[in-house]
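Structure file work.pdb (PDB, C-alpha atoms) follows.
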ATOM      1  CA  MET A   1      12.024 -74.956 -94.643
ATOM      2  CA  ALA A   2      12.787 -75.493 -98.312
ATOM      3  CA  ASP A   3      16.208 -77.093 -98.668
ATOM      4  CA  ALA A   4      18.746 -74.590 -99.991
ATOM      5  CA  ALA A   5      20.621 -77.317-101.836
ATOM      6  CA  PRO A   6      18.537 -80.409-102.695
ATOM      7  CA  SER A   7      20.893 -83.364-102.828
ATOM      8  CA  GLY A   8      21.049 -85.407-106.012
ATOM      9  CA  ASP A   9      18.148 -83.534-107.588
ATOM     10  CA  THR A  10      19.628 -80.573-109.464
ATOM     11  CA  ASN A  11      17.624 -81.423-112.592
ATOM     12  CA  ARG A  12      14.453 -80.308-110.799
ATOM     13  CA  ARG A  13      15.986 -77.486-108.784
ATOM     14  CA  ARG A  14      14.217 -74.220-109.613
ATOM     15  CA  VAL A  15      15.776 -70.910-108.643
ATOM     16  CA  LEU A  16      14.937 -67.237-108.970
ATOM     17  CA  LEU A  17      18.015 -65.133-109.729
ATOM     18  CA  LYS A  18      17.718 -61.416-108.933
ATOM     19  CA  ILE A  19      20.351 -59.305-110.723
ATOM     20  CA  SER A  20      20.698 -55.616-109.954
ATOM     21  CA  GLY A  21      21.042 -53.084-112.741
ATOM     22  CA  GLU A  22      24.719 -52.812-111.760
ATOM     23  CA  GLY A  23      25.249 -56.180-113.412
ATOM     24  CA  PHE A  24      24.650 -54.605-116.821
ATOM     25  CA  ILE A  25      27.399 -51.975-116.593
ATOM     26  CA  HIS A  26      30.972 -51.404-115.507
ATOM     27  CA  PRO A  27      31.444 -49.851-112.048
ATOM     28  CA  GLY A  28      30.651 -46.143-112.053
ATOM     29  CA  GLU A  29      28.978 -46.165-115.470
ATOM     30  CA  ARG A  30      25.376 -45.845-116.692
ATOM     31  CA  GLY A  31      23.533 -47.441-119.586
ATOM     32  CA  ILE A  32      24.211 -50.979-120.843
ATOM     33  CA  ALA A  33      27.665 -52.458-121.455
ATOM     34  CA  MET A  34      27.224 -55.566-123.584
ATOM     35  CA  ASP A  35      30.481 -57.147-122.416
ATOM     36  CA  ALA A  36      29.154 -56.920-118.835
ATOM     37  CA  VAL A  37      25.844 -58.424-119.979
ATOM     38  CA  LEU A  38      27.694 -61.199-121.795
ATOM     39  CA  HIS A  39      29.628 -61.934-118.588
ATOM     40  CA  LEU A  40      26.303 -62.465-116.788
ATOM     41  CA  ALA A  41      24.997 -64.566-119.668
ATOM     42  CA  GLN A  42      28.080 -66.798-119.770
ATOM     43  CA  GLN A  43      27.839 -67.549-116.050
ATOM     44  CA  THR A  44      24.114 -68.247-116.316
ATOM     45  CA  PHE A  45      24.652 -70.417-119.398
ATOM     46  CA  ARG A  46      27.212 -72.575-117.567
ATOM     47  CA  ALA A  47      24.821 -73.019-114.648
ATOM     48  CA  ALA A  48      21.966 -73.963-116.962
ATOM     49  CA  GLN A  49      24.040 -76.762-118.496
ATOM     50  CA  HIS A  50      23.679 -78.681-115.223
ATOM     51  CA  GLY A  51      19.901 -78.826-115.536
ATOM     52  CA  PRO A  52      18.342 -76.473-112.968
ATOM     53  CA  GLN A  53      15.388 -74.322-113.953
ATOM     54  CA  ILE A  54      16.321 -70.629-113.890
ATOM     55  CA  ALA A  55      14.075 -67.579-113.757
ATOM     56  CA  ILE A  56      15.661 -64.118-113.679
ATOM     57  CA  VAL A  57      14.387 -60.789-112.376
ATOM     58  CA  MET A  58      16.547 -57.711-112.925
ATOM     59  CA  GLY A  59      16.645 -54.131-111.766
ATOM     60  CA  GLY A  60      16.910 -51.102-114.018
ATOM     61  CA  GLY A  61      19.029 -48.698-112.002
ATOM     62  CA  ASN A  62      21.798 -48.755-114.604
ATOM     63  CA  ILE A  63      19.446 -46.856-116.920
ATOM     64  CA  LEU A  64      17.364 -44.868-114.450
ATOM     65  CA  ARG A  65      15.875 -45.046-110.985
ATOM     66  CA  GLY A  66      12.383 -43.784-110.335
ATOM     67  CA  ALA A  67      13.643 -41.998-107.208
ATOM     68  CA  GLN A  68      15.696 -39.587-109.309
ATOM     69  CA  PHE A  69      12.476 -38.020-110.590
ATOM     70  CA  THR A  70      10.705 -37.721-107.256
ATOM     71  CA  SER A  71      12.325 -34.577-105.881
ATOM     72  CA  GLY A  72      10.132 -31.591-105.116
ATOM     73  CA  ALA A  73      11.396 -29.820-108.232
ATOM     74  CA  SER A  74      10.321 -32.629-110.571
ATOM     75  CA  CYS A  75       7.164 -32.321-112.661
ATOM     76  CA  ILE A  76       6.937 -36.111-113.018
ATOM     77  CA  HIS A  77       4.464 -37.904-110.767
ATOM     78  CA  GLU A  78       6.077 -40.541-108.572
ATOM     79  CA  ALA A  79       3.932 -43.315-110.063
ATOM     80  CA  THR A  80       5.056 -42.268-113.550
ATOM     81  CA  ALA A  81       8.683 -42.397-112.425
ATOM     82  CA  HIS A  82       8.169 -45.950-111.206
ATOM     83  CA  TYR A  83       6.711 -46.983-114.551
ATOM     84  CA  MET A  84       9.755 -45.488-116.250
ATOM     85  CA  GLY A  85      11.929 -47.677-114.032
ATOM     86  CA  MET A  86       9.912 -50.738-115.034
ATOM     87  CA  LEU A  87      10.563 -49.971-118.698
ATOM     88  CA  ALA A  88      14.281 -49.797-117.931
ATOM     89  CA  THR A  89      14.132 -53.405-116.698
ATOM     90  CA  VAL A  90      12.603 -54.427-120.031
ATOM     91  CA  MET A  91      15.565 -52.898-121.870
ATOM     92  CA  ASN A  92      17.918 -54.898-119.644
ATOM     93  CA  GLY A  93      15.835 -58.001-120.273
ATOM     94  CA  LEU A  94      16.107 -57.622-124.028
ATOM     95  CA  ALA A  95      19.883 -57.237-123.794
ATOM     96  CA  LEU A  96      20.230 -60.280-121.531
ATOM     97  CA  GLN A  97      17.954 -62.369-123.746
ATOM     98  CA  ASP A  98      20.063 -61.727-126.836
ATOM     99  CA  ALA A  99      23.280 -62.373-124.916
ATOM    100  CA  LEU A 100      21.956 -65.718-123.658
ATOM    101  CA  GLU A 101      20.653 -66.724-127.066
ATOM    102  CA  SER A 102      24.004 -65.884-128.671
ATOM    103  CA  LEU A 103      25.400 -68.675-126.463
ATOM    104  CA  GLY A 104      22.710 -71.137-127.533
ATOM    105  CA  CYS A 105      20.285 -70.770-124.598
ATOM    106  CA  ASP A 106      16.570 -71.159-125.181
ATOM    107  CA  THR A 107      14.950 -68.171-123.448
ATOM    108  CA  ARG A 108      11.668 -66.384-122.981
ATOM    109  CA  LEU A 109      11.297 -62.729-122.001
ATOM    110  CA  MET A 110       8.074 -62.059-120.118
ATOM    111  CA  THR A 111       6.845 -58.673-118.907
ATOM    112  CA  ALA A 112       4.388 -57.628-116.219
ATOM    113  CA  ILE A 113       3.288 -54.746-118.470
ATOM    114  CA  ARG A 114       1.995 -55.937-121.835
ATOM    115  CA  MET A 115       4.225 -55.053-124.785
ATOM    116  CA  ASP A 116       3.475 -57.824-127.248
ATOM    117  CA  GLY A 117       5.878 -56.559-129.886
ATOM    118  CA  VAL A 118       8.939 -57.413-127.789
ATOM    119  CA  ALA A 119       7.940 -59.933-125.112
ATOM    120  CA  GLU A 120       5.301 -62.331-123.844
ATOM    121  CA  PRO A 121       2.953 -61.166-121.096
ATOM    122  CA  TYR A 122       3.784 -62.668-117.714
ATOM    123  CA  ILE A 123       1.337 -65.479-116.984
ATOM    124  CA  ARG A 124       2.324 -67.699-114.066
ATOM    125  CA  ARG A 125       1.306 -71.014-115.619
ATOM    126  CA  ARG A 126       3.004 -70.158-118.902
ATOM    127  CA  ALA A 127       6.198 -69.154-117.090
ATOM    128  CA  ARG A 128       6.210 -72.437-115.179
ATOM    129  CA  ARG A 129       5.760 -74.367-118.413
ATOM    130  CA  HIS A 130       8.714 -72.566-120.017
ATOM    131  CA  LEU A 131      10.848 -73.487-117.004
ATOM    132  CA  GLU A 132       9.746 -77.126-117.178
ATOM    133  CA  LYS A 133      10.842 -77.177-120.833
ATOM    134  CA  GLY A 134      14.316 -76.014-119.852
ATOM    135  CA  ARG A 135      14.028 -72.414-121.005
ATOM    136  CA  ILE A 136      15.616 -69.580-119.052
ATOM    137  CA  VAL A 137      12.755 -67.223-118.217
ATOM    138  CA  ILE A 138      13.571 -63.511-117.930
ATOM    139  CA  LEU A 139      10.937 -61.603-115.977
ATOM    140  CA  ALA A 140      10.885 -57.848-116.602
ATOM    141  CA  GLY A 141       8.649 -54.952-115.622
ATOM    142  CA  GLY A 142       8.698 -55.628-111.878
ATOM    143  CA  THR A 143       5.202 -56.513-110.683
ATOM    144  CA  GLY A 144       3.613 -54.111-113.157
ATOM    145  CA  SER A 145       2.563 -51.795-110.341
ATOM    146  CA  PRO A 146       4.282 -48.649-109.035
ATOM    147  CA  PHE A 147       5.638 -48.296-105.495
ATOM    148  CA  VAL A 148       7.018 -51.858-105.552
ATOM    149  CA  THR A 149      10.754 -52.529-105.779
ATOM    150  CA  THR A 150      12.307 -55.132-108.054
ATOM    151  CA  ASP A 151      13.531 -56.926-104.902
ATOM    152  CA  THR A 152       9.920 -57.376-103.836
ATOM    153  CA  ALA A 153       9.034 -58.381-107.405
ATOM    154  CA  ALA A 154      11.756 -61.052-107.223
ATOM    155  CA  ALA A 155      10.366 -62.418-103.950
ATOM    156  CA  GLN A 156       6.842 -62.377-105.398
ATOM    157  CA  ARG A 157       7.848 -64.244-108.568
ATOM    158  CA  ALA A 158       9.942 -66.763-106.622
ATOM    159  CA  LEU A 159       6.906 -67.641-104.514
ATOM    160  CA  GLU A 160       4.540 -67.762-107.503
ATOM    161  CA  LEU A 161       6.876 -70.094-109.407
ATOM    162  CA  ASP A 162       7.697 -72.340-106.433
ATOM    163  CA  ALA A 163      11.420 -71.588-106.546
ATOM    164  CA  SER A 164      13.489 -73.365-103.918
ATOM    165  CA  ILE A 165      15.592 -70.268-103.220
ATOM    166  CA  LEU A 166      15.930 -66.582-104.090
ATOM    167  CA  LEU A 167      19.455 -65.740-105.278
ATOM    168  CA  LYS A 168      20.327 -62.075-104.790
ATOM    169  CA  ALA A 169      23.296 -61.197-107.007
ATOM    170  CA  THR A 170      25.051 -58.067-105.787
ATOM    171  CA  ARG A 171      28.421 -56.312-106.064
ATOM    172  CA  VAL A 172      29.682 -57.307-102.598
ATOM    173  CA  ASP A 173      30.476 -60.724-101.156
ATOM    174  CA  GLY A 174      27.312 -61.066 -99.090
ATOM    175  CA  VAL A 175      25.653 -59.407 -96.103
ATOM    176  CA  PHE A 176      27.943 -57.325 -93.906
ATOM    177  CA  SER A 177      27.503 -55.706 -90.507
ATOM    178  CA  ASP A 178      28.127 -52.344 -92.203
ATOM    179  CA  ASP A 179      28.776 -51.007 -95.694
ATOM    180  CA  PRO A 180      32.054 -52.755 -96.676
ATOM    181  CA  GLU A 181      32.779 -50.082 -99.273
ATOM    182  CA  LYS A 182      32.890 -47.461 -96.502
ATOM    183  CA  ASN A 183      33.939 -49.491 -93.462
ATOM    184  CA  PRO A 184      36.910 -51.845 -94.003
ATOM    185  CA  HIS A 185      36.193 -53.461 -90.631
ATOM    186  CA  ALA A 186      32.669 -54.547 -91.570
ATOM    187  CA  VAL A 187      32.050 -58.217 -90.784
ATOM    188  CA  LEU A 188      30.779 -60.622 -93.467
ATOM    189  CA  TYR A 189      28.039 -62.937 -92.200
ATOM    190  CA  GLY A 190      27.954 -66.522 -93.448
ATOM    191  CA  GLU A 191      24.413 -67.163 -92.266
ATOM    192  CA  LEU A 192      21.544 -65.116 -90.847
ATOM    193  CA  THR A 193      17.899 -65.522 -89.923
ATOM    194  CA  TYR A 194      15.216 -63.245 -91.320
ATOM    195  CA  GLU A 195      14.676 -61.885 -87.808
ATOM    196  CA  GLU A 196      18.353 -60.959 -87.457
ATOM    197  CA  VAL A 197      18.262 -59.108 -90.771
ATOM    198  CA  GLN A 198      15.244 -57.101 -89.666
ATOM    199  CA  ARG A 199      16.409 -56.530 -86.088
ATOM    200  CA  GLN A 200      19.823 -55.249 -87.186
ATOM    201  CA  ASN A 201      18.308 -53.312 -90.094
ATOM    202  CA  LEU A 202      20.832 -54.884 -92.457
ATOM    203  CA  ARG A 203      20.748 -53.568 -96.005
ATOM    204  CA  VAL A 204      20.010 -56.724 -97.971
ATOM    205  CA  MET A 205      16.661 -56.228 -99.659
ATOM    206  CA  ASP A 206      13.773 -53.949 -98.864
ATOM    207  CA  HIS A 207      11.627 -54.757 -95.842
ATOM    208  CA  GLU A 208       8.656 -56.004 -97.874
ATOM    209  CA  ALA A 209      10.809 -58.522 -99.780
ATOM    210  CA  ILE A 210      12.338 -59.886 -96.561
ATOM    211  CA  THR A 211       8.899 -60.124 -94.958
ATOM    212  CA  LYS A 212       7.501 -62.093 -97.911
ATOM    213  CA  CYS A 213      10.394 -64.551 -97.802
ATOM    214  CA  MET A 214      10.089 -64.922 -94.023
ATOM    215  CA  GLU A 215       6.342 -65.518 -94.181
ATOM    216  CA  TYR A 216       6.745 -68.373 -96.667
ATOM    217  CA  ASP A 217      10.151 -69.599 -95.441
ATOM    218  CA  LEU A 218      11.882 -68.942 -98.763
ATOM    219  CA  PRO A 219      15.689 -68.941 -98.322
ATOM    220  CA  ILE A 220      17.730 -66.058 -99.729
ATOM    221  CA  LEU A 221      21.362 -66.327-100.827
ATOM    222  CA  VAL A 222      23.222 -63.018-101.210
ATOM    223  CA  PHE A 223      26.472 -63.227-103.184
ATOM    224  CA  ASN A 224      28.914 -61.316-105.391
ATOM    225  CA  PHE A 225      28.063 -61.775-109.077
ATOM    226  CA  ARG A 226      31.314 -60.123-110.215
ATOM    227  CA  LYS A 227      33.419 -63.057-109.000
ATOM    228  CA  ALA A 228      33.841 -65.574-111.797
ATOM    229  CA  GLY A 229      31.846 -68.739-111.194
ATOM    230  CA  ASN A 230      29.696 -67.364-108.378
ATOM    231  CA  ILE A 231      26.429 -67.350-110.328
ATOM    232  CA  GLU A 232      27.024 -70.940-111.388
ATOM    233  CA  ASN A 233      27.935 -71.971-107.837
ATOM    234  CA  ALA A 234      24.917 -70.200-106.347
ATOM    235  CA  VAL A 235      22.470 -71.713-108.847
ATOM    236  CA  LEU A 236      23.866 -75.189-108.200
ATOM    237  CA  GLY A 237      23.513 -74.879-104.425
ATOM    238  CA  GLN A 238      27.112 -74.168-103.462
ATOM    239  CA  ARG A 239      27.569 -72.082-100.331
ATOM    240  CA  VAL A 240      28.803 -68.710-101.465
ATOM    241  CA  GLY A 241      27.993 -65.393 -99.840
ATOM    242  CA  THR A 242      25.387 -65.188 -97.061
ATOM    243  CA  LEU A 243      22.449 -67.553 -96.566
ATOM    244  CA  ILE A 244      19.329 -66.074 -94.959
ATOM    245  CA  HIS A 245      16.639 -68.459 -93.749
ATOM    246  CA  GLY A 246      14.356 -69.300 -90.860
ATOM    247  CA  LYS A 247      16.610 -71.032 -88.368
ATOM    248  CA  LYS A 248      20.360 -71.157 -87.985
ATOM    249  CA  ASN A 249      22.356 -74.368 -87.772
ATOM    250  CA  GLY A 250      19.269 -76.505 -88.295
ATOM    251  CA  GLN A 251      17.736 -75.488 -84.957
TER     252      GLN A 251
END

Taking this structure as input, can you express it in the form of structure tokens?
Amino acid sequence: MADAAPSGDTNRRRVLLKISGEGFIHPGERGIAMDAVLHLAQQTFRAAQHGPQIAIVMGGGNILRGAQFTSGASCIHEATAHYMGMLATVMNGLALQDALESLGCDTRLMTAIRMDGVAEPYIRRRARRHLEKGRIVILAGGTGSPFVTTDTAAAQRALELDASILLKATRVDGVFSDDPEKNPHAVLYGELTYEEVQRQNLRVMDHEAITKCMEYDLPILVFNFRKAGNIENAVLGQRVGTLIHGKKNGQ
């Protein structure tokens, strides 16, 4: 299994950070709140100063979710709704790129759907080269295909780019036995296997994303991005949140 925290080698550590659309807004709001985006950028900037290579995939639910247009009363085809959601991730990517560059970060925004006026097309070898040059690579547009979640896109890109770990930034402290926002007695797990996540039907990422990570033994770290310093700690291999991997306790 890929080591979740390579010792003494952070300069070559490559991570894929998945940020939900909730990271771009204040709780309960919609749209884009630039102070929230700047908070994400500042944490990512501090992590980047230590040398790891960082690629970022983000959701677009703060702007719209394709599912909201898929009711029986909607005249919008479900595939069209998914493309609309992909475009929302590009808007988030543009905001995050400017926030990072305002702090002095060298970045590249790449999209799975070509839109040459605002971003580079996603090409795996080009993305890897940007990472090797120390640029933060922001990957928008999901996979470019409908019916695929941004969680699955994050797993796909992490595997394509040979990331050592997939970092899932969320609004809760990790993976719980139940929804902690509804059940105050929900238990926070420190460590899980892929099989335990699937067997208990824990709401971490969609099934396809978990299956991809399990098939290629890619560790997943689920943590709370709202806590100051957590993105930096997660990128640098500190144990925050819940680690999901192939075997527990080195067995």

**Prompt:** Got a sec: who's within 9 Å of Leu17 (chain A), counting all atoms listed in the file, leaving out chain neighbours fewer than 3 positions off, as a PyMOL selection string?
**Reply:** chain A and resi 54-58+154+158+165-169+231+235

**Request:** Fewer than 3 positions away in the same chain doesn't count, so skip those; otherwise give me all residues within 12 Å of Asn201 (chain A), counting all atoms listed in the file, as number ranges by chain.
**Result:** A: 175-178, 194-198, 204-207, 210

**Request:** Could you tell me which residues the PyMOL selection byres ((chain A and resi 218) around 7) returns for this structure, as JSON, numbers by chain?
**Result:** {"A": [2, 164, 165, 213, 214, 216, 217, 219, 220, 245]}

**Matched chain/residue IDs from the PyMOL selection byres ((chain A and resi 59-62) around 7), as a ChimeraX atom specification** = /A:19-22,24-25,30-31,58,63-65,85,88-89,92,150

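A straight line drawn from CA of Gly141 (chain A) to CA of Thr111 (chain A) is 5.3 Å long.
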
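Across A:Ala209, A:Ala36, A:Leu243, A:Ala81, the tightest approach to Thr149 (chain A) is made by A:Ala209 when counting all atoms listed in the file.
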
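Among the candidates A:Leu40, A:Ala79, A:Ile138, A:Ala95, the residue lying nearest to Arg108 (chain A) is A:Ile138 (atoms considered: only C-alpha atoms).
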
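Put simply, CA of Ala47 (chain A) is 27.6 Å away from CA of Lys247 (chain A).
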
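Of the residues listed (A:Leu103, A:Leu16, A:Met34, A:Ala41), A:Ala41 shows the shortest atom-to-atom separation from Gly229 (chain A); distances use only C-alpha atoms.
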
**Fill in**
With distances taken over only C-alpha atoms, the candidate from A:Gly144, A:Gly241, A:Gly174, A:Gly51 nearest Arg114 (chain A) is A:Gly144

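Distance annotation: of A:Arg135, A:His82, A:Arg13, A:Arg226, the residue with the minimal separation from Pro27 (chain A) is A:Arg226; atom set is all atoms listed in the file.
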